[in-house]
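K.L.:
This is my_file25.cif (mmCIF, C-alpha atoms, pLDDT in the B column; chains and numbers go by the auth columns).
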```
data_upload
loop_
_atom_site.group_PDB
_atom_site.id
_atom_site.type_symbol
_atom_site.label_atom_id
_atom_site.label_comp_id
_atom_site.label_asym_id
_atom_site.label_seq_id
_atom_site.Cartn_x
_atom_site.Cartn_y
_atom_site.Cartn_z
_atom_site.B_iso_or_equiv
_atom_site.auth_seq_id
_atom_site.auth_asym_id
ATOM 1 C CA MET A 1 5.659 -8.193 25.554 62.00 1 A
ATOM 2 C CA ALA A 2 7.084 -11.441 24.227 69.00 2 A
ATOM 3 C CA ASP A 3 10.763 -11.300 23.286 77.00 3 A
ATOM 4 C CA PHE A 4 12.400 -12.175 19.983 81.00 4 A
ATOM 5 C CA ARG A 5 13.183 -15.771 20.962 86.00 5 A
ATOM 6 C CA THR A 6 9.599 -16.447 22.060 90.00 6 A
ATOM 7 C CA HIS A 7 8.183 -15.073 18.821 89.00 7 A
ATOM 8 C CA ILE A 8 10.498 -16.996 16.508 91.00 8 A
ATOM 9 C CA THR A 9 10.128 -20.219 18.509 93.00 9 A
ATOM 10 C CA THR A 10 6.326 -20.020 18.442 95.00 10 A
ATOM 11 C CA SER A 11 6.079 -19.230 14.729 95.00 11 A
ATOM 12 C CA THR A 12 8.571 -22.004 13.961 95.00 12 A
ATOM 13 C CA VAL A 13 6.571 -24.619 15.879 96.00 13 A
ATOM 14 C CA ILE A 14 3.374 -23.449 14.160 97.00 14 A
ATOM 15 C CA GLY A 15 5.195 -23.498 10.813 97.00 15 A
ATOM 16 C CA ILE A 16 6.270 -27.117 11.299 97.00 16 A
ATOM 17 C CA GLY A 17 2.674 -28.091 12.034 97.00 17 A
ATOM 18 C CA TYR A 18 1.457 -26.083 9.046 97.00 18 A
ATOM 19 C CA GLY A 19 3.955 -27.772 6.746 96.00 19 A
ATOM 20 C CA ALA A 20 2.918 -31.198 8.017 97.00 20 A
ATOM 21 C CA ALA A 21 -0.768 -30.333 7.490 96.00 21 A
ATOM 22 C CA GLY A 22 -0.051 -29.332 3.894 96.00 22 A
ATOM 23 C CA TYR A 23 1.729 -32.619 3.246 95.00 23 A
ATOM 24 C CA LEU A 24 -1.022 -34.752 4.790 95.00 24 A
ATOM 25 C CA ASN A 25 -4.136 -32.865 3.666 95.00 25 A
ATOM 26 C CA LEU A 26 -3.152 -31.068 0.468 93.00 26 A
ATOM 27 C CA HIS A 27 -0.646 -33.703 -0.690 92.00 27 A
ATOM 28 C CA ALA A 28 1.872 -30.932 -1.357 93.00 28 A
ATOM 29 C CA THR A 29 5.448 -31.860 -2.150 94.00 29 A
ATOM 30 C CA VAL A 30 7.988 -32.010 0.656 95.00 30 A
ATOM 31 C CA GLU A 31 9.817 -29.014 -0.824 93.00 31 A
ATOM 32 C CA THR A 32 6.645 -26.897 -0.839 94.00 32 A
ATOM 33 C CA CYS A 33 5.816 -27.875 2.741 96.00 33 A
ATOM 34 C CA VAL A 34 9.329 -27.054 3.958 96.00 34 A
ATOM 35 C CA LEU A 35 9.143 -23.674 2.208 94.00 35 A
ATOM 36 C CA ALA A 36 5.737 -22.925 3.757 95.00 36 A
ATOM 37 C CA ALA A 37 7.057 -23.886 7.197 96.00 37 A
ATOM 38 C CA GLY A 38 10.038 -21.581 6.723 94.00 38 A
ATOM 39 C CA LEU A 39 7.846 -18.704 5.556 94.00 39 A
ATOM 40 C CA CYS A 40 5.596 -19.107 8.591 96.00 40 A
ATOM 41 C CA SER A 41 8.605 -19.221 10.900 94.00 41 A
ATOM 42 C CA VAL A 42 10.251 -16.069 9.584 92.00 42 A
ATOM 43 C CA SER A 43 6.935 -14.217 9.335 93.00 43 A
ATOM 44 C CA GLY A 44 6.731 -14.390 13.109 92.00 44 A
ATOM 45 C CA MET A 45 9.328 -11.602 13.101 90.00 45 A
ATOM 46 C CA LEU A 46 7.611 -9.370 10.528 90.00 46 A
ATOM 47 C CA PRO A 47 5.492 -7.221 12.894 89.00 47 A
ATOM 48 C CA ASP A 48 8.650 -6.117 14.713 86.00 48 A
ATOM 49 C CA LEU A 49 9.992 -4.412 11.598 85.00 49 A
ATOM 50 C CA ASP A 50 8.669 -1.264 13.287 81.00 50 A
ATOM 51 C CA SER A 51 10.767 -2.007 16.371 76.00 51 A
ATOM 52 C CA ASP A 52 13.745 0.051 17.507 65.00 52 A
ATOM 53 C CA SER A 53 15.622 -3.193 18.077 64.00 53 A
ATOM 54 C CA GLY A 54 17.971 -4.118 15.240 67.00 54 A
ATOM 55 C CA VAL A 55 17.679 -7.904 15.540 71.00 55 A
ATOM 56 C CA PRO A 56 14.188 -8.467 13.981 72.00 56 A
ATOM 57 C CA VAL A 57 14.846 -5.952 11.204 78.00 57 A
ATOM 58 C CA ARG A 58 18.288 -7.312 10.365 79.00 58 A
ATOM 59 C CA GLU A 59 17.308 -10.979 10.375 80.00 59 A
ATOM 60 C CA THR A 60 14.000 -10.526 8.538 82.00 60 A
ATOM 61 C CA MET A 61 15.413 -8.242 5.854 85.00 61 A
ATOM 62 C CA SER A 62 18.378 -10.554 5.285 85.00 62 A
ATOM 63 C CA PHE A 63 16.091 -13.533 4.815 86.00 63 A
ATOM 64 C CA ALA A 64 13.621 -11.657 2.597 87.00 64 A
ATOM 65 C CA ALA A 65 16.383 -10.177 0.435 88.00 65 A
ATOM 66 C CA ALA A 66 17.763 -13.653 -0.235 88.00 66 A
ATOM 67 C CA VAL A 67 14.473 -15.535 -0.723 89.00 67 A
ATOM 68 C CA VAL A 68 12.141 -13.079 -2.511 90.00 68 A
ATOM 69 C CA PRO A 69 14.214 -12.893 -5.742 89.00 69 A
ATOM 70 C CA MET A 70 14.237 -16.699 -5.941 88.00 70 A
ATOM 71 C CA LEU A 71 10.473 -16.897 -5.359 88.00 71 A
ATOM 72 C CA MET A 72 9.954 -14.443 -8.213 88.00 72 A
ATOM 73 C CA MET A 73 11.938 -16.460 -10.771 86.00 73 A
ATOM 74 C CA ASP A 74 8.731 -18.044 -12.068 83.00 74 A
ATOM 75 C CA ARG A 75 7.233 -14.592 -12.696 82.00 75 A
ATOM 76 C CA PHE A 76 10.432 -13.429 -14.403 86.00 76 A
ATOM 77 C CA SER A 77 10.298 -16.510 -16.613 84.00 77 A
ATOM 78 C CA HIS A 78 6.700 -15.750 -17.647 79.00 78 A
ATOM 79 C CA LEU A 79 7.845 -12.271 -18.637 80.00 79 A
ATOM 80 C CA GLY A 80 10.257 -13.882 -21.073 84.00 80 A
ATOM 81 C CA TRP A 81 13.354 -12.436 -19.428 88.00 81 A
ATOM 82 C CA SER A 82 16.796 -13.831 -20.180 90.00 82 A
ATOM 83 C CA HIS A 83 18.905 -15.483 -17.480 88.00 83 A
ATOM 84 C CA GLU A 84 21.100 -12.386 -17.276 91.00 84 A
ATOM 85 C CA MET A 85 18.069 -10.132 -16.833 93.00 85 A
ATOM 86 C CA MET A 86 16.767 -12.348 -14.038 91.00 86 A
ATOM 87 C CA VAL A 87 20.106 -12.088 -12.242 91.00 87 A
ATOM 88 C CA VAL A 88 20.112 -8.293 -12.575 93.00 88 A
ATOM 89 C CA ALA A 89 16.527 -8.100 -11.271 92.00 89 A
ATOM 90 C CA GLY A 90 17.482 -10.366 -8.362 91.00 90 A
ATOM 91 C CA MET A 91 20.412 -8.108 -7.472 92.00 91 A
ATOM 92 C CA ILE A 92 18.210 -5.006 -7.566 93.00 92 A
ATOM 93 C CA LEU A 93 15.580 -6.678 -5.397 92.00 93 A
ATOM 94 C CA TYR A 94 18.208 -7.793 -2.902 91.00 94 A
ATOM 95 C CA VAL A 95 19.592 -4.274 -2.438 91.00 95 A
ATOM 96 C CA ALA A 96 16.111 -2.696 -2.349 91.00 96 A
ATOM 97 C CA ILE A 97 14.822 -5.111 0.302 89.00 97 A
ATOM 98 C CA ARG A 98 17.988 -5.389 2.370 85.00 98 A
ATOM 99 C CA PHE A 99 18.537 -1.653 2.704 86.00 99 A
ATOM 100 C CA GLY A 100 15.594 0.284 1.267 86.00 100 A
ATOM 101 C CA VAL A 101 12.691 -1.444 3.044 85.00 101 A
ATOM 102 C CA ALA A 102 14.434 -1.339 6.426 78.00 102 A
ATOM 103 C CA SER A 103 15.044 2.410 6.053 81.00 103 A
ATOM 104 C CA ILE A 104 11.401 3.031 5.138 83.00 104 A
ATOM 105 C CA PHE A 105 10.135 1.167 8.199 81.00 105 A
ATOM 106 C CA LYS A 106 12.578 2.990 10.461 78.00 106 A
ATOM 107 C CA LYS A 107 11.485 6.393 9.137 80.00 107 A
ATOM 108 C CA TYR A 108 7.740 6.024 8.696 79.00 108 A
ATOM 109 C CA THR A 109 6.543 3.579 11.368 81.00 109 A
ATOM 110 C CA VAL A 110 6.191 3.603 15.141 80.00 110 A
ATOM 111 C CA HIS A 111 6.272 0.508 17.321 77.00 111 A
ATOM 112 C CA ARG A 112 2.836 -1.009 17.888 78.00 112 A
ATOM 113 C CA GLY A 113 1.381 1.269 15.222 85.00 113 A
ATOM 114 C CA MET A 114 -0.699 0.064 12.277 90.00 114 A
ATOM 115 C CA TRP A 115 1.988 -2.425 11.270 89.00 115 A
ATOM 116 C CA HIS A 116 0.773 -4.355 14.323 90.00 116 A
ATOM 117 C CA SER A 117 -2.761 -4.891 13.004 92.00 117 A
ATOM 118 C CA ILE A 118 -5.109 -7.253 11.167 94.00 118 A
ATOM 119 C CA PRO A 119 -5.020 -5.254 7.885 94.00 119 A
ATOM 120 C CA ALA A 120 -1.216 -5.408 8.020 94.00 120 A
ATOM 121 C CA ALA A 121 -1.476 -9.203 8.224 95.00 121 A
ATOM 122 C CA ALA A 122 -3.730 -9.172 5.141 95.00 122 A
ATOM 123 C CA THR A 123 -1.209 -6.905 3.403 95.00 123 A
ATOM 124 C CA VAL A 124 1.723 -9.262 3.912 95.00 124 A
ATOM 125 C CA GLY A 125 -0.474 -12.153 2.783 95.00 125 A
ATOM 126 C CA LEU A 126 -1.261 -10.409 -0.505 94.00 126 A
ATOM 127 C CA LEU A 127 2.409 -9.509 -0.969 93.00 127 A
ATOM 128 C CA ALA A 128 3.323 -13.162 -0.453 93.00 128 A
ATOM 129 C CA PHE A 129 0.629 -14.176 -2.945 93.00 129 A
ATOM 130 C CA LEU A 130 2.084 -11.836 -5.576 90.00 130 A
ATOM 131 C CA VAL A 131 5.669 -12.893 -4.890 90.00 131 A
ATOM 132 C CA CYS A 132 4.984 -16.660 -4.844 87.00 132 A
ATOM 133 C CA SER A 133 3.879 -16.774 -8.454 79.00 133 A
ATOM 134 C CA CYS A 134 3.025 -20.231 -9.800 80.00 134 A
ATOM 135 C CA GLU A 135 0.344 -21.943 -11.887 80.00 135 A
ATOM 136 C CA ASP A 136 -1.096 -23.990 -9.006 85.00 136 A
ATOM 137 C CA MET A 137 -3.377 -21.559 -7.192 88.00 137 A
ATOM 138 C CA THR A 138 -3.916 -23.916 -4.256 90.00 138 A
ATOM 139 C CA MET A 139 -0.192 -24.070 -3.522 92.00 139 A
ATOM 140 C CA ARG A 140 0.094 -20.338 -4.065 91.00 140 A
ATOM 141 C CA TRP A 141 -2.562 -19.583 -1.467 93.00 141 A
ATOM 142 C CA TYR A 142 -1.018 -22.226 0.795 95.00 142 A
ATOM 143 C CA LYS A 143 2.310 -20.367 0.839 95.00 143 A
ATOM 144 C CA ALA A 144 0.655 -16.955 1.223 95.00 144 A
ATOM 145 C CA ALA A 145 -1.418 -18.231 4.154 96.00 145 A
ATOM 146 C CA ALA A 146 1.792 -19.414 5.839 96.00 146 A
ATOM 147 C CA VAL A 147 2.999 -15.808 5.962 96.00 147 A
ATOM 148 C CA VAL A 148 -0.318 -14.585 7.395 97.00 148 A
ATOM 149 C CA ILE A 149 -0.348 -17.280 10.084 97.00 149 A
ATOM 150 C CA GLY A 150 3.215 -16.483 11.135 96.00 150 A
ATOM 151 C CA PHE A 151 2.375 -12.774 11.278 96.00 151 A
ATOM 152 C CA LEU A 152 -0.779 -13.387 13.331 96.00 152 A
ATOM 153 C CA SER A 153 1.110 -15.615 15.784 95.00 153 A
ATOM 154 C CA HIS A 154 3.230 -12.580 16.664 93.00 154 A
ATOM 155 C CA LEU A 155 0.193 -10.363 17.208 93.00 155 A
ATOM 156 C CA MET A 156 -1.526 -12.973 19.376 93.00 156 A
ATOM 157 C CA LEU A 157 1.566 -13.396 21.556 92.00 157 A
ATOM 158 C CA ASP A 158 1.823 -9.627 22.023 89.00 158 A
ATOM 159 C CA GLU A 159 -1.772 -9.560 23.240 88.00 159 A
ATOM 160 C CA LEU A 160 -1.270 -12.523 25.568 88.00 160 A
ATOM 161 C CA TRP A 161 1.815 -10.891 27.067 83.00 161 A
ATOM 162 C CA SER A 162 -0.317 -7.809 27.778 83.00 162 A
ATOM 163 C CA ILE A 163 -2.369 -9.794 30.300 77.00 163 A
ATOM 164 C CA ASP A 164 -1.189 -10.484 33.860 73.00 164 A
ATOM 165 C CA PHE A 165 -2.772 -12.998 36.201 67.00 165 A
ATOM 166 C CA ARG A 166 -2.109 -11.972 39.785 70.00 166 A
ATOM 167 C CA ARG A 167 -3.874 -13.093 42.970 67.00 167 A
ATOM 168 C CA GLY A 168 -6.580 -14.800 40.991 66.00 168 A
ATOM 169 C CA ARG A 169 -7.439 -11.708 38.946 69.00 169 A
ATOM 170 C CA LEU A 170 -6.657 -10.601 35.400 69.00 170 A
ATOM 171 C CA HIS A 171 -4.778 -7.332 34.926 67.00 171 A
ATOM 172 C CA PHE A 172 -4.504 -5.714 31.512 70.00 172 A
ATOM 173 C CA LYS A 173 -1.457 -3.639 30.618 74.00 173 A
ATOM 174 C CA LYS A 174 -1.693 -0.402 28.647 75.00 174 A
ATOM 175 C CA SER A 175 -0.381 -2.269 25.593 71.00 175 A
ATOM 176 C CA PHE A 176 -3.426 -4.571 25.531 74.00 176 A
ATOM 177 C CA GLY A 177 -5.377 -4.151 22.298 73.00 177 A
ATOM 178 C CA THR A 178 -2.525 -2.521 20.383 77.00 178 A
ATOM 179 C CA ALA A 179 -1.648 -5.601 18.297 80.00 179 A
ATOM 180 C CA MET A 180 -4.878 -7.337 17.197 86.00 180 A
ATOM 181 C CA LYS A 181 -6.552 -4.172 15.942 91.00 181 A
ATOM 182 C CA PHE A 182 -8.210 -2.871 12.786 92.00 182 A
ATOM 183 C CA TYR A 183 -7.407 0.821 13.210 90.00 183 A
ATOM 184 C CA SER A 184 -5.342 3.216 15.308 88.00 184 A
ATOM 185 C CA GLY A 185 -5.718 6.746 16.605 84.00 185 A
ATOM 186 C CA SER A 186 -3.803 8.141 13.646 87.00 186 A
ATOM 187 C CA MET A 187 -6.012 8.927 10.653 92.00 187 A
ATOM 188 C CA TRP A 188 -3.014 9.082 8.327 90.00 188 A
ATOM 189 C CA ALA A 189 -1.803 5.640 9.469 90.00 189 A
ATOM 190 C CA ASN A 190 -5.275 4.169 8.874 93.00 190 A
ATOM 191 C CA VAL A 191 -5.625 5.705 5.408 94.00 191 A
ATOM 192 C CA SER A 192 -2.104 4.639 4.451 92.00 192 A
ATOM 193 C CA THR A 193 -2.600 1.064 5.670 93.00 193 A
ATOM 194 C CA TYR A 194 -5.956 0.483 4.016 95.00 194 A
ATOM 195 C CA GLY A 195 -4.835 2.312 0.884 95.00 195 A
ATOM 196 C CA LYS A 196 -1.901 -0.064 0.416 93.00 196 A
ATOM 197 C CA LEU A 197 -4.188 -3.017 1.126 94.00 197 A
ATOM 198 C CA ALA A 198 -6.611 -1.840 -1.574 95.00 198 A
ATOM 199 C CA LEU A 199 -3.789 -1.401 -4.106 94.00 199 A
ATOM 200 C CA LEU A 200 -2.541 -4.926 -3.408 93.00 200 A
ATOM 201 C CA LEU A 201 -6.067 -6.325 -3.834 93.00 201 A
ATOM 202 C CA VAL A 202 -6.256 -4.677 -7.246 91.00 202 A
ATOM 203 C CA ALA A 203 -2.793 -5.973 -8.163 90.00 203 A
ATOM 204 C CA ALA A 204 -3.756 -9.509 -7.106 88.00 204 A
ATOM 205 C CA SER A 205 -6.991 -9.376 -9.105 87.00 205 A
ATOM 206 C CA TYR A 206 -5.033 -8.412 -12.232 85.00 206 A
ATOM 207 C CA ASP A 207 -2.428 -11.122 -11.745 82.00 207 A
ATOM 208 C CA PRO A 208 -2.142 -13.072 -15.043 77.00 208 A
ATOM 209 C CA VAL A 209 -2.708 -16.470 -13.416 70.00 209 A
ATOM 210 C CA VAL A 210 -5.736 -15.201 -11.469 69.00 210 A
ATOM 211 C CA MET A 211 -7.257 -13.602 -14.560 64.00 211 A
ATOM 212 C CA ARG A 212 -6.695 -16.752 -16.628 70.00 212 A
ATOM 213 C CA GLU A 213 -8.301 -18.957 -13.978 64.00 213 A
ATOM 214 C CA PHE A 214 -11.237 -16.555 -13.636 59.00 214 A
ATOM 215 C CA ALA A 215 -11.694 -16.540 -17.405 59.00 215 A
ATOM 216 C CA ASP A 216 -11.660 -20.365 -17.475 57.00 216 A
ATOM 217 C CA LYS A 217 -14.257 -20.565 -14.723 57.00 217 A
ATOM 218 C CA THR A 218 -16.406 -17.939 -16.425 58.00 218 A
ATOM 219 C CA GLU A 219 -16.234 -19.843 -19.714 57.00 219 A
ATOM 220 C CA LYS A 220 -17.179 -23.087 -17.981 60.00 220 A
ATOM 221 C CA ALA A 221 -20.090 -21.385 -16.206 56.00 221 A
ATOM 222 C CA GLN A 222 -21.336 -19.918 -19.485 56.00 222 A
ATOM 223 C CA SER A 223 -21.021 -23.290 -21.193 62.00 223 A
ATOM 224 C CA THR A 224 -22.942 -24.992 -18.378 66.00 224 A
ATOM 225 C CA ALA A 225 -25.634 -22.307 -18.515 56.00 225 A
ATOM 226 C CA ARG A 226 -26.028 -22.771 -22.286 62.00 226 A
ATOM 227 C CA GLU A 227 -26.334 -26.545 -21.848 66.00 227 A
ATOM 228 C CA LEU A 228 -28.989 -26.119 -19.137 66.00 228 A
ATOM 229 C CA ILE A 229 -30.971 -23.687 -21.302 64.00 229 A
ATOM 230 C CA GLN A 230 -30.780 -26.052 -24.257 68.00 230 A
ATOM 231 C CA GLU A 231 -31.908 -29.020 -22.142 65.00 231 A
ATOM 232 C CA THR A 232 -34.791 -26.926 -20.766 65.00 232 A
ATOM 233 C CA HIS A 233 -35.925 -26.032 -24.275 60.00 233 A
ATOM 234 C CA GLU A 234 -35.738 -29.677 -25.360 63.00 234 A
ATOM 235 C CA HIS A 235 -37.824 -30.805 -22.366 61.00 235 A
ATOM 236 C CA ALA A 236 -40.358 -28.040 -23.064 57.00 236 A
ATOM 237 C CA ASP A 237 -40.635 -29.079 -26.707 61.00 237 A
ATOM 238 C CA GLN A 238 -41.259 -32.702 -25.701 64.00 238 A
ATOM 239 C CA LEU A 239 -44.003 -31.650 -23.288 61.00 239 A
ATOM 240 C CA TRP A 240 -45.830 -29.612 -25.953 59.00 240 A
ATOM 241 C CA ARG A 241 -45.731 -32.386 -28.552 57.00 241 A
#
```
I'd like the structure from this file rewritten - as structure tokens, please.

P.N.:
Amino acid sequence: MADFRTHITTSTVIGIGYGAAGYLNLHATVETCVLAAGLCSVSGMLPDLDSDSGVPVRETMSFAAAVVPMLMMDRFSHLGWSHEMMVVAGMILYVAIRFGVASIFKKYTVHRGMWHSIPAAATVGLLAFLVCSCEDMTMRWYKAAAVVIGFLSHLMLDELWSIDFRRGRLHFKKSFGTAMKFYSGSMWANVSTYGKLALLLVAASYDPVVMREFADKTEKAQSTARELIQETHEHADQLWR
């Protein structure tokens, strides 16, 4: 399988291209593009949180513990929290991510289990969407997609490294198919993975910004429908006169 350096180099190169695409096509600010590039880069290490090696876990958890509290400042502000309360929440998040999350992965996951899967990529994308709270939904999805792309780059590399080309023929290792998958042989792992994904989908649908935007679109659709009905009635009246 690809080593740590290969994974982080690949996700970083992809992240730079992703940041540039956001600047050129979405006209995002330089700061937003740099953040998205960084998120994509670091997310290339996320699947190896289930690894026995300490390097991916240590580096990823250190980065997440430092960045996640800052990304959630906008959400804390919407909750009306004081500056002191935000600092306390940031400290709690730092400790929980830096030490708690790493312990959970070490205890409850196996390498190349369901954390190496497509639903796991969707899970981290929804987590990023919830963490990167802001009013601009396009930029919010842009940052969440950066995490998914970085995560998927890792899975794709693992699959590519499971293929050997020798003497003009392809040879597949036993590890082939264990990264880009939708389910595993463990029923509990499948239920747990899809259960968490479902909970995050519900949480995202009840996000205040999402609900407000949905309500605005619904109101506009209802207003448009009323206008169309009124115009139809007016045209019908003119025809019968």

K.L.:
Report the centre and edge lengths, in Å to one decimal, of an axis-aligned box enclosing every atom of stretch 41-53 of chain A listed in the file, padded by 8 Å on each side, as AutoDock Vina command-line options.

P.N.:
```
--center_x 10.6 --center_y -9.6 --center_z 13.7 --size_x 26.1 --size_y 35.3 --size_z 24.7
```

K.L.:
Provide the atom CA of A:Ala36 to atom CA of A:Gly80 distance in Å, to one decimal place.

P.N.:
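Atom CA of A:Gly80 lies at a distance of 26.8 Å from atom CA of A:Ala36.
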
K.L.:
Counting only C-alpha atoms, which residues have an atom no more than 10 Å from (18.1, -7.7, 3.6) in the file's coordinates? Please list them as a list of chain:residue names.

P.N.:
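The answer, in the requested form, is A:Val57, A:Arg58, A:Glu59, A:Thr60, A:Met61, A:Ser62, A:Phe63, A:Ala64, A:Ala65, A:Ala66, A:Val67, A:Leu93, A:Tyr94, A:Val95, A:Ala96, A:Ile97, A:Arg98, A:Phe99, A:Gly100, A:Val101, A:Ala102.
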
K.L.:
Going by the chain IDs and residue numbers used in this file, which residues fall under the PyMOL selection byres ((chain A and resi 192-206) around 9)? Write them as JSON, numbers by chain.

P.N.:
{"A": [114, 115, 119, 120, 122, 123, 126, 127, 129, 130, 183, 187, 188, 189, 190, 191, 207, 208, 209, 210, 211]}

K.L.:
Please tell me which residues are no farther than 12 Å from (12.1, -16.3, -13.0) in the file, counting all atoms listed in the file, and write them as a PDB file with C-alpha atoms, in the frame of the given file.

P.N.:
```
ATOM      1  CA  VAL A  68      12.141 -13.079  -2.511  1.00 90.00           C
ATOM      2  CA  PRO A  69      14.214 -12.893  -5.742  1.00 89.00           C
ATOM      3  CA  MET A  70      14.237 -16.699  -5.941  1.00 88.00           C
ATOM      4  CA  LEU A  71      10.473 -16.897  -5.359  1.00 88.00           C
ATOM      5  CA  MET A  72       9.954 -14.443  -8.213  1.00 88.00           C
ATOM      6  CA  MET A  73      11.938 -16.460 -10.771  1.00 86.00           C
ATOM      7  CA  ASP A  74       8.731 -18.044 -12.068  1.00 83.00           C
ATOM      8  CA  ARG A  75       7.233 -14.592 -12.696  1.00 82.00           C
ATOM      9  CA  PHE A  76      10.432 -13.429 -14.403  1.00 86.00           C
ATOM     10  CA  SER A  77      10.298 -16.510 -16.613  1.00 84.00           C
ATOM     11  CA  HIS A  78       6.700 -15.750 -17.647  1.00 79.00           C
ATOM     12  CA  LEU A  79       7.845 -12.271 -18.637  1.00 80.00           C
ATOM     13  CA  GLY A  80      10.257 -13.882 -21.073  1.00 84.00           C
ATOM     14  CA  TRP A  81      13.354 -12.436 -19.428  1.00 88.00           C
ATOM     15  CA  SER A  82      16.796 -13.831 -20.180  1.00 90.00           C
ATOM     16  CA  HIS A  83      18.905 -15.483 -17.480  1.00 88.00           C
ATOM     17  CA  GLU A  84      21.100 -12.386 -17.276  1.00 91.00           C
ATOM     18  CA  MET A  85      18.069 -10.132 -16.833  1.00 93.00           C
ATOM     19  CA  MET A  86      16.767 -12.348 -14.038  1.00 91.00           C
ATOM     20  CA  VAL A  87      20.106 -12.088 -12.242  1.00 91.00           C
ATOM     21  CA  VAL A  88      20.112  -8.293 -12.575  1.00 93.00           C
ATOM     22  CA  ALA A  89      16.527  -8.100 -11.271  1.00 92.00           C
ATOM     23  CA  GLY A  90      17.482 -10.366  -8.362  1.00 91.00           C
ATOM     24  CA  VAL A 131       5.669 -12.893  -4.890  1.00 90.00           C
ATOM     25  CA  CYS A 132       4.984 -16.660  -4.844  1.00 87.00           C
ATOM     26  CA  SER A 133       3.879 -16.774  -8.454  1.00 79.00           C
ATOM     27  CA  CYS A 134       3.025 -20.231  -9.800  1.00 80.00           C
TER      28      CYS A 134
END
```

K.L.:
Report the distance between atom CA of A:His7 and atom CA of A:Ser162 in Å, rounded to one decimal place.

P.N.:
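Between these atoms lies a distance of 14.3 Å.
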
K.L.:
Quick one: apply the PyMOL selection byres ((chain A and resi 43-51) around 8) to the file and drop the selected residues here as a CSV table (one decimal) with C-alpha atoms, keeping the file's coordinate frame.

P.N.:
```csv
chain,number,residue,atom,x,y,z
A,4,PHE,CA,12.4,-12.2,20.0
A,7,HIS,CA,8.2,-15.1,18.8
A,8,ILE,CA,10.5,-17.0,16.5
A,10,THR,CA,6.3,-20.0,18.4
A,11,SER,CA,6.1,-19.2,14.7
A,12,THR,CA,8.6,-22.0,14.0
A,39,LEU,CA,7.8,-18.7,5.6
A,40,CYS,CA,5.6,-19.1,8.6
A,41,SER,CA,8.6,-19.2,10.9
A,42,VAL,CA,10.3,-16.1,9.6
A,52,ASP,CA,13.7,0.1,17.5
A,53,SER,CA,15.6,-3.2,18.1
A,54,GLY,CA,18.0,-4.1,15.2
A,56,PRO,CA,14.2,-8.5,14.0
A,57,VAL,CA,14.8,-6.0,11.2
A,60,THR,CA,14.0,-10.5,8.5
A,102,ALA,CA,14.4,-1.3,6.4
A,105,PHE,CA,10.1,1.2,8.2
A,106,LYS,CA,12.6,3.0,10.5
A,109,THR,CA,6.5,3.6,11.4
A,110,VAL,CA,6.2,3.6,15.1
A,111,HIS,CA,6.3,0.5,17.3
A,112,ARG,CA,2.8,-1.0,17.9
A,113,GLY,CA,1.4,1.3,15.2
A,115,TRP,CA,2.0,-2.4,11.3
A,116,HIS,CA,0.8,-4.4,14.3
A,147,VAL,CA,3.0,-15.8,6.0
A,148,VAL,CA,-0.3,-14.6,7.4
A,149,ILE,CA,-0.3,-17.3,10.1
A,150,GLY,CA,3.2,-16.5,11.1
A,151,PHE,CA,2.4,-12.8,11.3
A,152,LEU,CA,-0.8,-13.4,13.3
A,153,SER,CA,1.1,-15.6,15.8
A,154,HIS,CA,3.2,-12.6,16.7
A,155,LEU,CA,0.2,-10.4,17.2
```

K.L.:
Enter the distance from atom CA of A:Met156 to atom CA of A:Thr6, in Å, rounded to one decimal.

P.N.:
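Distance between the two atoms: 12.0 Å.
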
K.L.:
So, counting all atoms listed in the file, which residue among A:Ala128, A:Val13, A:Met91, A:Met139 is closest to A:Thr29?

P.N.:
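For A:Thr29, the nearest of the given residues is A:Met139.
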
K.L.:
Please determine, counting all atoms listed in the file, which residue among A:Ile92, A:Ile14, A:Ala28, A:Ala20 has the shortest atom-to-atom distance to A:Thr138.

P.N.:
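Counting all atoms listed in the file, the residue closest to A:Thr138 is A:Ala28.
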
K.L.:
Running the PyMOL selection byres ((chain A and resi 179) around 7) on this model by hand, what would come out? Give it as a PyMOL selection string.

P.N.:
chain A and resi 112+116-117+155+158-159+177-178+180-181

K.L.:
So, counting only C-alpha atoms, which residue among A:Ile104, A:Ile16, A:Val124, A:Leu160 is closest to A:Leu35?

P.N.:
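Closest to A:Leu35, using only C-alpha atoms: A:Ile16.
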
K.L.:
Rank nothing, just name the residue among A:Trp161, A:Ser186, A:Ala145, A:Asp3 nearest to A:Lys174, using only C-alpha atoms.

P.N.:
A:Trp161
